[in-house]
>>> print(open('upload.txt').read())   # compact mmCIF, C-alpha atoms
# COMPACT_ATOMS: atom_id res chain seq x y z
CA MET S 105 35.74 -4.87 10.27
CA ASP S 106 32.48 -6.74 9.65
CA THR S 107 30.64 -6.51 6.34
CA ILE S 108 26.96 -6.96 5.54
CA VAL S 109 25.98 -8.38 2.16
CA ALA S 110 22.64 -6.98 0.94
CA VAL S 111 20.70 -8.51 -1.95
CA ASP S 112 17.77 -7.04 -3.88
CA LEU S 113 16.30 -9.93 -5.86
CA GLY S 114 13.99 -9.03 -8.72
CA GLY S 115 12.35 -10.89 -11.54
CA THR S 116 14.66 -9.32 -14.12
CA GLN S 117 17.77 -8.33 -12.19
CA ILE S 118 19.72 -9.06 -9.03
CA ARG S 119 21.47 -6.24 -7.20
CA VAL S 120 24.06 -7.04 -4.55
CA ALA S 121 26.01 -4.62 -2.37
CA THR S 122 28.37 -4.81 0.59
CA PHE S 123 28.07 -2.36 3.46
CA SER S 124 29.92 -1.47 6.61
CA PRO S 125 27.41 -1.87 9.47
CA ASP S 126 27.81 1.80 10.44
CA SER S 127 27.19 3.27 6.97
CA ASP S 128 24.44 3.33 4.36
CA LYS S 129 26.92 3.93 1.54
CA PRO S 130 27.80 0.72 -0.33
CA LEU S 131 31.41 -0.41 -0.38
CA GLN S 132 30.76 -2.32 -3.61
CA ILE S 133 27.70 -2.85 -5.75
CA LYS S 134 26.90 -5.16 -8.64
CA LYS S 135 23.90 -5.75 -10.89
CA ILE S 136 23.34 -8.83 -13.05
CA PRO S 137 20.34 -10.38 -14.89
CA THR S 138 18.28 -12.80 -12.82
CA LYS S 139 18.08 -15.36 -15.61
CA THR S 140 20.39 -16.45 -18.39
CA ALA S 141 20.23 -19.29 -20.90
CA LYS S 142 22.91 -21.21 -19.00
CA SER S 143 22.11 -20.63 -15.31
CA GLN S 144 19.10 -20.59 -13.00
CA PRO S 145 18.15 -17.72 -10.65
CA TYR S 146 19.63 -19.38 -7.53
CA ASP S 147 22.96 -19.89 -9.28
CA ARG S 148 22.87 -16.25 -10.34
CA VAL S 149 22.31 -15.14 -6.73
CA VAL S 150 25.29 -17.21 -5.59
CA GLU S 151 27.40 -15.86 -8.44
CA ALA S 152 26.54 -12.24 -7.62
CA ILE S 153 27.24 -12.65 -3.89
CA SER S 154 30.48 -14.54 -4.52
CA SER S 155 31.74 -11.82 -6.84
CA LEU S 156 31.57 -9.25 -4.02
CA TRP S 157 32.56 -11.52 -1.13
CA PRO S 158 35.34 -9.65 0.73
CA LYS S 159 38.68 -11.37 1.16
CA ASP S 160 39.95 -9.14 3.95
CA LYS S 161 36.77 -8.70 6.04
CA GLN S 162 34.43 -10.97 7.95
CA VAL S 163 30.88 -11.13 6.64
CA ARG S 164 28.38 -10.64 9.43
CA CYS S 165 25.36 -11.86 7.46
CA ILE S 166 23.51 -11.92 4.15
CA SER S 167 20.19 -10.06 3.98
CA ALA S 168 17.87 -10.20 0.97
CA ALA S 169 14.73 -8.50 -0.31
CA ILE S 170 12.44 -11.02 -2.01
CA PRO S 171 9.75 -10.20 -4.63
CA GLY S 172 6.96 -12.19 -3.01
CA PRO S 173 5.77 -13.60 0.31
CA VAL S 174 8.54 -15.15 2.41
CA ASP S 175 8.61 -16.66 5.89
CA PRO S 176 11.42 -14.75 7.66
CA LYS S 177 11.54 -17.30 10.47
CA THR S 178 12.27 -20.30 8.25
CA GLY S 179 13.88 -18.54 5.28
CA VAL S 180 11.43 -20.25 2.93
CA ILE S 181 10.06 -18.27 -0.02
CA VAL S 182 6.34 -19.02 -0.23
CA SER S 183 6.14 -17.99 -3.88
CA THR S 184 7.63 -15.54 -6.35
CA PRO S 185 5.30 -14.66 -9.24
CA ASN S 186 8.17 -13.41 -11.40
CA ILE S 187 10.65 -16.23 -10.72
CA GLU S 188 9.47 -19.58 -12.01
CA GLY S 189 9.89 -22.62 -9.78
CA TRP S 190 10.45 -20.81 -6.51
CA LYS S 191 7.40 -22.04 -4.64
CA ASP S 192 8.24 -23.11 -1.07
CA PHE S 193 11.88 -22.51 -1.99
CA PRO S 194 14.31 -22.72 1.00
CA LEU S 195 16.55 -19.87 -0.08
CA GLY S 196 17.66 -19.02 3.45
CA ALA S 197 18.94 -22.51 4.21
CA LYS S 198 20.59 -22.86 0.82
CA LEU S 199 22.49 -19.58 1.16
CA HIS S 200 23.45 -20.41 4.74
CA ASN S 201 24.87 -23.76 3.62
CA GLN S 202 26.63 -22.09 0.70
CA PHE S 203 28.29 -19.23 2.61
CA ASN S 204 28.15 -20.36 6.27
CA VAL S 205 26.82 -17.05 7.65
CA PRO S 206 23.40 -16.04 9.03
CA VAL S 207 20.84 -15.25 6.32
CA TYR S 208 17.84 -12.94 6.75
CA LEU S 209 15.03 -12.65 4.19
CA GLY S 210 12.11 -10.25 3.87
CA ASN S 211 9.42 -9.32 1.39
CA ASP S 212 10.70 -6.50 -0.84
CA ALA S 213 7.87 -4.09 -0.02
CA ASN S 214 8.35 -4.68 3.71
CA LEU S 215 12.05 -4.03 3.36
CA ALA S 216 11.44 -0.91 1.29
CA ALA S 217 9.28 0.28 4.18
CA ILE S 218 12.02 -0.19 6.77
CA GLY S 219 14.57 1.25 4.35
CA GLU S 220 12.53 4.45 4.02
CA TRP S 221 11.97 4.48 7.78
CA GLU S 222 15.64 4.04 8.61
CA TYR S 223 17.30 6.02 5.81
CA GLY S 224 14.70 7.83 3.70
CA ALA S 225 11.46 9.79 3.78
CA GLY S 226 10.24 8.10 6.97
CA LYS S 227 13.14 9.02 9.24
CA GLY S 228 11.91 10.23 12.63
CA HIS S 229 8.51 8.53 12.41
CA CYS S 230 7.47 5.72 14.76
CA ASP S 231 4.34 4.70 12.82
CA LEU S 232 4.64 4.49 9.05
CA LEU S 233 2.71 3.13 6.09
CA TYR S 234 4.47 2.38 2.80
CA LEU S 235 2.72 1.62 -0.50
CA THR S 236 4.50 0.82 -3.73
CA VAL S 237 2.34 1.29 -6.82
CA SER S 238 4.00 -0.30 -9.81
CA THR S 239 3.31 -3.42 -11.89
CA GLY S 240 1.52 -4.60 -8.75
CA ILE S 241 0.83 -2.96 -5.40
CA GLY S 242 2.80 -3.91 -2.30
CA GLY S 243 2.98 -2.50 1.17
CA GLY S 244 4.84 -2.38 4.44
CA VAL S 245 3.85 -1.16 7.89
CA ILE S 246 5.97 0.13 10.78
CA ILE S 247 4.16 0.22 14.13
CA ASN S 248 5.89 1.65 17.20
CA ASN S 249 9.28 1.37 15.45
CA GLN S 250 8.69 -2.29 14.57
CA LEU S 251 8.04 -3.86 11.17
CA LEU S 252 4.66 -5.59 11.10
CA GLU S 253 5.33 -9.09 9.78
CA GLY S 254 2.61 -11.36 11.16
CA SER S 255 2.98 -14.96 12.30
CA ARG S 256 4.62 -16.14 9.06
CA GLY S 257 5.97 -12.87 7.71
CA MET S 258 3.04 -12.48 5.34
CA GLY S 259 1.43 -9.41 6.94
CA GLY S 260 1.28 -6.03 5.27
CA GLU S 261 0.00 -7.26 1.88
CA LEU S 262 -1.86 -3.99 1.40
CA GLY S 263 -2.36 -4.46 -2.32
CA HIS S 264 -4.55 -7.48 -1.70
CA VAL S 265 -7.43 -5.92 0.17
CA THR S 266 -10.77 -6.03 -1.63
CA VAL S 267 -11.96 -2.62 -2.84
CA LEU S 268 -14.36 -3.69 -5.60
CA ALA S 269 -16.53 -6.73 -5.01
CA ARG S 270 -16.59 -8.99 -8.07
CA GLY S 271 -14.05 -6.67 -9.70
CA PRO S 272 -11.23 -7.55 -12.10
CA MET S 273 -9.04 -10.57 -11.48
CA CYS S 274 -5.92 -9.85 -9.46
CA SER S 275 -2.51 -11.40 -10.16
CA CYS S 276 -3.04 -13.56 -7.07
CA GLY S 277 -6.15 -15.15 -8.60
CA LYS S 278 -8.77 -13.32 -6.49
CA ARG S 279 -11.13 -10.60 -7.66
CA GLY S 280 -11.41 -6.93 -6.81
CA HIS S 281 -8.18 -6.40 -4.94
CA LEU S 282 -6.58 -2.93 -4.86
CA GLU S 283 -3.81 -4.23 -7.11
CA ALA S 284 -6.39 -5.35 -9.66
CA VAL S 285 -7.85 -1.85 -10.08
CA ALA S 286 -5.08 0.63 -9.22
CA SER S 287 -1.68 -0.84 -10.15
CA GLY S 288 0.17 0.17 -13.31
CA THR S 289 -1.01 -3.06 -14.92
CA ALA S 290 -4.61 -2.32 -13.96
CA ILE S 291 -4.44 1.24 -15.31
CA VAL S 292 -3.14 -0.04 -18.66
CA ARG S 293 -5.82 -2.72 -18.76
CA HIS S 294 -8.56 -0.14 -18.10
CA VAL S 295 -7.27 2.18 -20.83
CA LYS S 296 -7.12 -0.67 -23.35
CA LYS S 297 -10.68 -1.66 -22.49
CA GLN S 298 -11.88 1.91 -23.06
CA LEU S 299 -9.98 2.19 -26.33
CA ALA S 300 -11.64 -1.03 -27.50
CA LYS S 301 -14.99 0.62 -26.78
CA GLY S 302 -14.06 3.50 -29.07
CA LYS S 303 -12.92 6.13 -26.55
CA LYS S 304 -10.91 8.91 -28.16
CA SER S 305 -7.32 9.30 -27.00
CA VAL S 306 -3.79 10.03 -28.17
CA LEU S 307 -2.99 6.60 -26.75
CA GLN S 308 -3.00 3.52 -28.94
CA ASP S 309 -3.91 -0.01 -27.90
CA SER S 310 -0.63 -1.89 -28.19
CA ASP S 311 1.42 -4.47 -26.33
CA ASP S 312 3.92 -1.73 -25.50
CA LEU S 313 1.48 0.59 -23.71
CA THR S 314 2.65 1.41 -20.18
CA ALA S 315 1.42 3.37 -17.18
CA ARG S 316 4.22 5.84 -17.88
CA ASP S 317 2.75 6.43 -21.37
CA ILE S 318 -0.63 7.09 -19.78
CA ALA S 319 0.85 9.58 -17.31
CA SER S 320 2.60 11.36 -20.18
CA ALA S 321 -0.67 11.53 -22.12
CA ALA S 322 -2.42 12.96 -19.06
CA ARG S 323 0.11 15.80 -18.98
CA THR S 324 -0.93 16.72 -22.52
CA GLY S 325 -4.57 16.91 -21.42
CA ASP S 326 -5.73 13.54 -22.74
CA LYS S 327 -9.10 12.92 -21.10
CA LEU S 328 -8.94 9.12 -21.13
CA ALA S 329 -5.50 9.13 -19.49
CA ILE S 330 -6.63 11.65 -16.86
CA THR S 331 -9.77 9.62 -16.11
CA ALA S 332 -7.81 6.34 -15.85
CA LEU S 333 -5.33 7.77 -13.34
CA ALA S 334 -8.14 9.41 -11.37
CA ARG S 335 -9.99 6.09 -11.20
CA ALA S 336 -6.89 4.40 -9.76
CA GLY S 337 -6.33 7.27 -7.33
CA LYS S 338 -9.90 7.02 -6.11
CA PHE S 339 -9.51 3.32 -5.30
CA ILE S 340 -6.22 3.99 -3.51
CA GLY S 341 -7.95 6.70 -1.46
CA HIS S 342 -10.73 4.28 -0.49
CA ALA S 343 -8.19 1.70 0.66
CA LEU S 344 -6.06 4.27 2.44
CA ALA S 345 -9.08 5.44 4.45
CA ASP S 346 -9.32 1.89 5.80
CA PHE S 347 -5.57 1.61 6.41
CA LEU S 348 -5.57 4.81 8.48
CA VAL S 349 -8.17 3.54 10.93
CA ILE S 350 -6.33 0.23 11.27
CA PHE S 351 -2.74 1.47 11.61
CA ASN S 352 -3.04 5.20 12.44
CA PRO S 353 0.34 6.19 10.94
CA THR S 354 1.91 9.65 11.02
CA ILE S 355 3.26 9.29 7.48
CA VAL S 356 2.24 7.48 4.30
CA ILE S 357 5.02 6.98 1.75
CA PHE S 358 4.34 6.10 -1.87
CA GLY S 359 6.92 4.33 -4.00
CA GLY S 360 6.86 2.69 -7.42
CA GLY S 361 6.75 4.14 -10.91
CA VAL S 362 3.03 4.97 -10.90
CA SER S 363 3.57 7.37 -7.99
CA PHE S 364 5.36 9.68 -10.44
CA SER S 365 2.00 10.36 -12.10
CA GLY S 366 1.73 13.17 -9.57
CA ASP S 367 -1.48 15.12 -9.01
CA PHE S 368 -3.34 13.13 -11.67
CA LEU S 369 -3.21 10.22 -9.21
CA PHE S 370 -2.90 11.94 -5.85
CA ASN S 371 -5.55 14.66 -6.07
CA PRO S 372 -8.35 12.10 -6.65
CA MET S 373 -6.75 9.91 -3.97
CA ARG S 374 -6.83 12.73 -1.40
CA LYS S 375 -10.43 13.58 -2.30
CA ALA S 376 -11.55 9.97 -1.85
CA LEU S 377 -9.54 9.68 1.37
CA LYS S 378 -11.15 12.75 2.93
CA LYS S 379 -14.61 11.57 1.87
CA ASN S 380 -14.24 8.03 3.23
CA VAL S 381 -12.02 8.23 6.32
CA MET S 382 -14.00 7.53 9.49
CA ASP S 383 -12.85 10.67 11.31
CA HIS S 384 -10.76 13.58 10.06
CA GLU S 385 -8.68 13.28 13.23
CA TYR S 386 -6.80 10.56 11.33
CA LEU S 387 -5.69 13.19 8.82
CA ASP S 388 -4.43 15.71 11.36
CA ASN S 389 -0.65 16.03 11.07
CA LEU S 390 -0.61 13.11 8.60
CA GLU S 391 2.19 13.44 6.05
CA ILE S 392 1.72 11.92 2.60
CA THR S 393 4.89 11.89 0.53
CA ILE S 394 6.96 10.15 -2.13
CA ALA S 395 9.68 7.58 -1.34
CA SER S 396 13.20 9.01 -1.48
CA LEU S 397 15.43 5.93 -1.85
CA GLY S 398 14.56 5.10 -5.46
CA ASP S 399 16.29 2.01 -6.85
CA ASP S 400 18.25 1.59 -3.61
CA ALA S 401 15.15 0.91 -1.48
CA GLY S 402 15.58 -2.87 -1.62
CA LEU S 403 19.28 -2.84 -0.80
CA LEU S 404 18.93 -0.31 2.02
CA GLY S 405 15.91 -2.18 3.35
CA ALA S 406 17.97 -5.38 3.40
CA LEU S 407 20.71 -3.47 5.22
CA ALA S 408 18.23 -2.14 7.79
CA LEU S 409 16.85 -5.66 8.31
CA ALA S 410 20.36 -7.05 8.80
CA LYS S 411 21.25 -4.38 11.35
CA SER S 412 18.05 -4.95 13.32
CA LYS S 413 18.44 -8.72 13.30
CA THR S 414 22.12 -8.77 14.26
CA LYS S 415 21.49 -6.21 17.00
CA HIS S 416 18.70 -8.40 18.35
CA ASP S 417 20.76 -11.57 18.02
CA ASN S 418 23.65 -9.97 19.88
>>> encode(input="upload.txt", output="structure tokens")
Amino acid sequence: MDTIVAVDLGGTQIRVATFSPDSDKPLQIKKIPTKTAKSQPYDRVVEAISSLWPKDKQVRCISAAIPGPVDPKTGVIVSTPNIEGWKDFPLGAKLHNQFNVPVYLGNDANLAAIGEWEYGAGKGHCDLLYLTVSTGIGGGVIINNQLLEGSRGMGGELGHVTVLARGPMCSCGKRGHLEAVASGTAIVRHVKKQLAKGKKSVLQDSDDLTARDIASAARTGDKLAITALARAGKFIGHALADFLVIFNPTIVIFGGGVSFSGDFLFNPMRKALKKNVMDHEYLDNLEITIASLGDDAGLLGALALAKSKTKHDN
């Protein structure tokens, strides 16, 4: 029986699993740190894959979710902000030469989108929008049961639309992007700025402050925390109003840790969405929900990509 090797490559950890092509339950799974003092990230990827390589089954392919823009046609990683030295890195070719099987790569947010579509909250939908709100903001789009990739696989970067002209600097080096004002990092930055101005809060300005801390403070009634989450939700609602008229999905799925802020984020988002969407017809029968795959989104997205590619190739 064939086996698919799925890889979820992150800045801090690498998760690898083997799957039977007809099941979404892993046969084996392993997690290791991305970096160590003695080995580089590529060597760690090879080590993790090798440790699960089956001796009694044929591997159909390797499929990997990448934390950054990647060209799925060439297998070249354009850049990875959290993995130093991987600019224009030919991971696909290197893994193919190492293991002598087909290798498929995709941006992690795109693969989370097809994972949710195939196995999670998006099952049964033909047109889907996925947004992950975490340290940054990523996105993925399914149109007519097809992942929107663009000419070089760099489509669907929904976190990098401009929502505030001349706004804060984004991680990509441009100003005013959605990620720069509504990600977990942006929420923390806004709270710290307000604390420095003397705003009263149970929160303290420290290097350890997180978006999760802010959400917890909001649940206790902290006004600064509530306002910060509402500000982020409003920007997300503005952007989502634009996304709806471009993609016209039947479901919008939110992933990432910030999405667990609940109504503190989503009520202001819905209010801004209703106010700014071109026509309320776009909201009719639109489902807005939370991702269901959790930590397995990358692996199951890689599995879904592998199944679609091998089906097409065959």
>>> atom_distance(input="upload.txt", atom1="CA of Ile246 in chain S", atom2="CA of Leu232 in chain S")
4.9 Å
>>> residues_around(input="upload.txt", residues="Tyr208 in chain S", least_positions_apart="4", cutoff="8 Å", atoms="all atoms listed in the file", output="PyMOL selection string")
chain S and resi 165-168+176+179+196+409-410+413
>>> residues_around(input="upload.txt", residues="range 371-378 of chain S", least_positions_apart="3", cutoff="9 Å", atoms="only C-alpha atoms", output="ChimeraX atom specification")
/S:333-346,366-368,381-384,387
>>> atom_distance(input="upload.txt", atom1="CA of Phe123 in chain S", atom2="CA of Val109 in chain S")
6.5 Å
>>> residues_near_point(input="upload.txt", point="(-8.5, -6.3, 1.6)", cutoff="9 Å", atoms="only C-alpha atoms", output="PyMOL selection string")
chain S and resi 261-267+280-282+343
>>> closest_residue(input="upload.txt", among="S:Val163, S:Leu397, S:Leu369, S:Leu209", to="Val182 in chain S", atoms="all atoms listed in the file")
S:Leu209
>>> residues_around(input="upload.txt", residues="Pro171 in chain S", least_positions_apart="4", cutoff="12 Å", atoms="only C-alpha atoms", output="ChimeraX atom specification")
/S:111-118,181-188,190,209-216,239-243,402
>>> residues_around(input="upload.txt", residues="Gln162 in chain S", least_positions_apart="4", cutoff="9 Å", atoms="all atoms listed in the file", output="tab-separated table (two decimals) with C-alpha atoms, in the frame of the given file")
chain	number	residue	atom	x	y	z
S	105	MET	CA	35.74	-4.87	10.27
S	106	ASP	CA	32.48	-6.74	9.65
S	107	THR	CA	30.64	-6.51	6.34
S	108	ILE	CA	26.96	-6.96	5.54
S	158	PRO	CA	35.34	-9.65	0.73
>>> atom_distance(input="upload.txt", atom1="CA of Tyr386 in chain S", atom2="CA of Thr354 in chain S")
8.8 Å
>>> axis_aligned_box(input="upload.txt", around="range 244-249 of chain S", padding_each_side="8 Å", output="lines of an AutoDock Vina configuration file")
center_x = 6.6
center_y = -0.4
center_z = 10.8
size_x = 21.4
size_y = 20.0
size_z = 28.8
>>> residues_around(input="upload.txt", residues="Gly359 in chain S", least_positions_apart="4", cutoff="7 Å", atoms="only C-alpha atoms", output="JSON, numbers by chain")
{"S": [235, 236, 237, 363, 394, 395]}
>>> closest_residue(input="upload.txt", among="S:Leu407, S:Val292, S:Lys303, S:Gly260", to="Pro130 in chain S", atoms="only C-alpha atoms")
S:Leu407
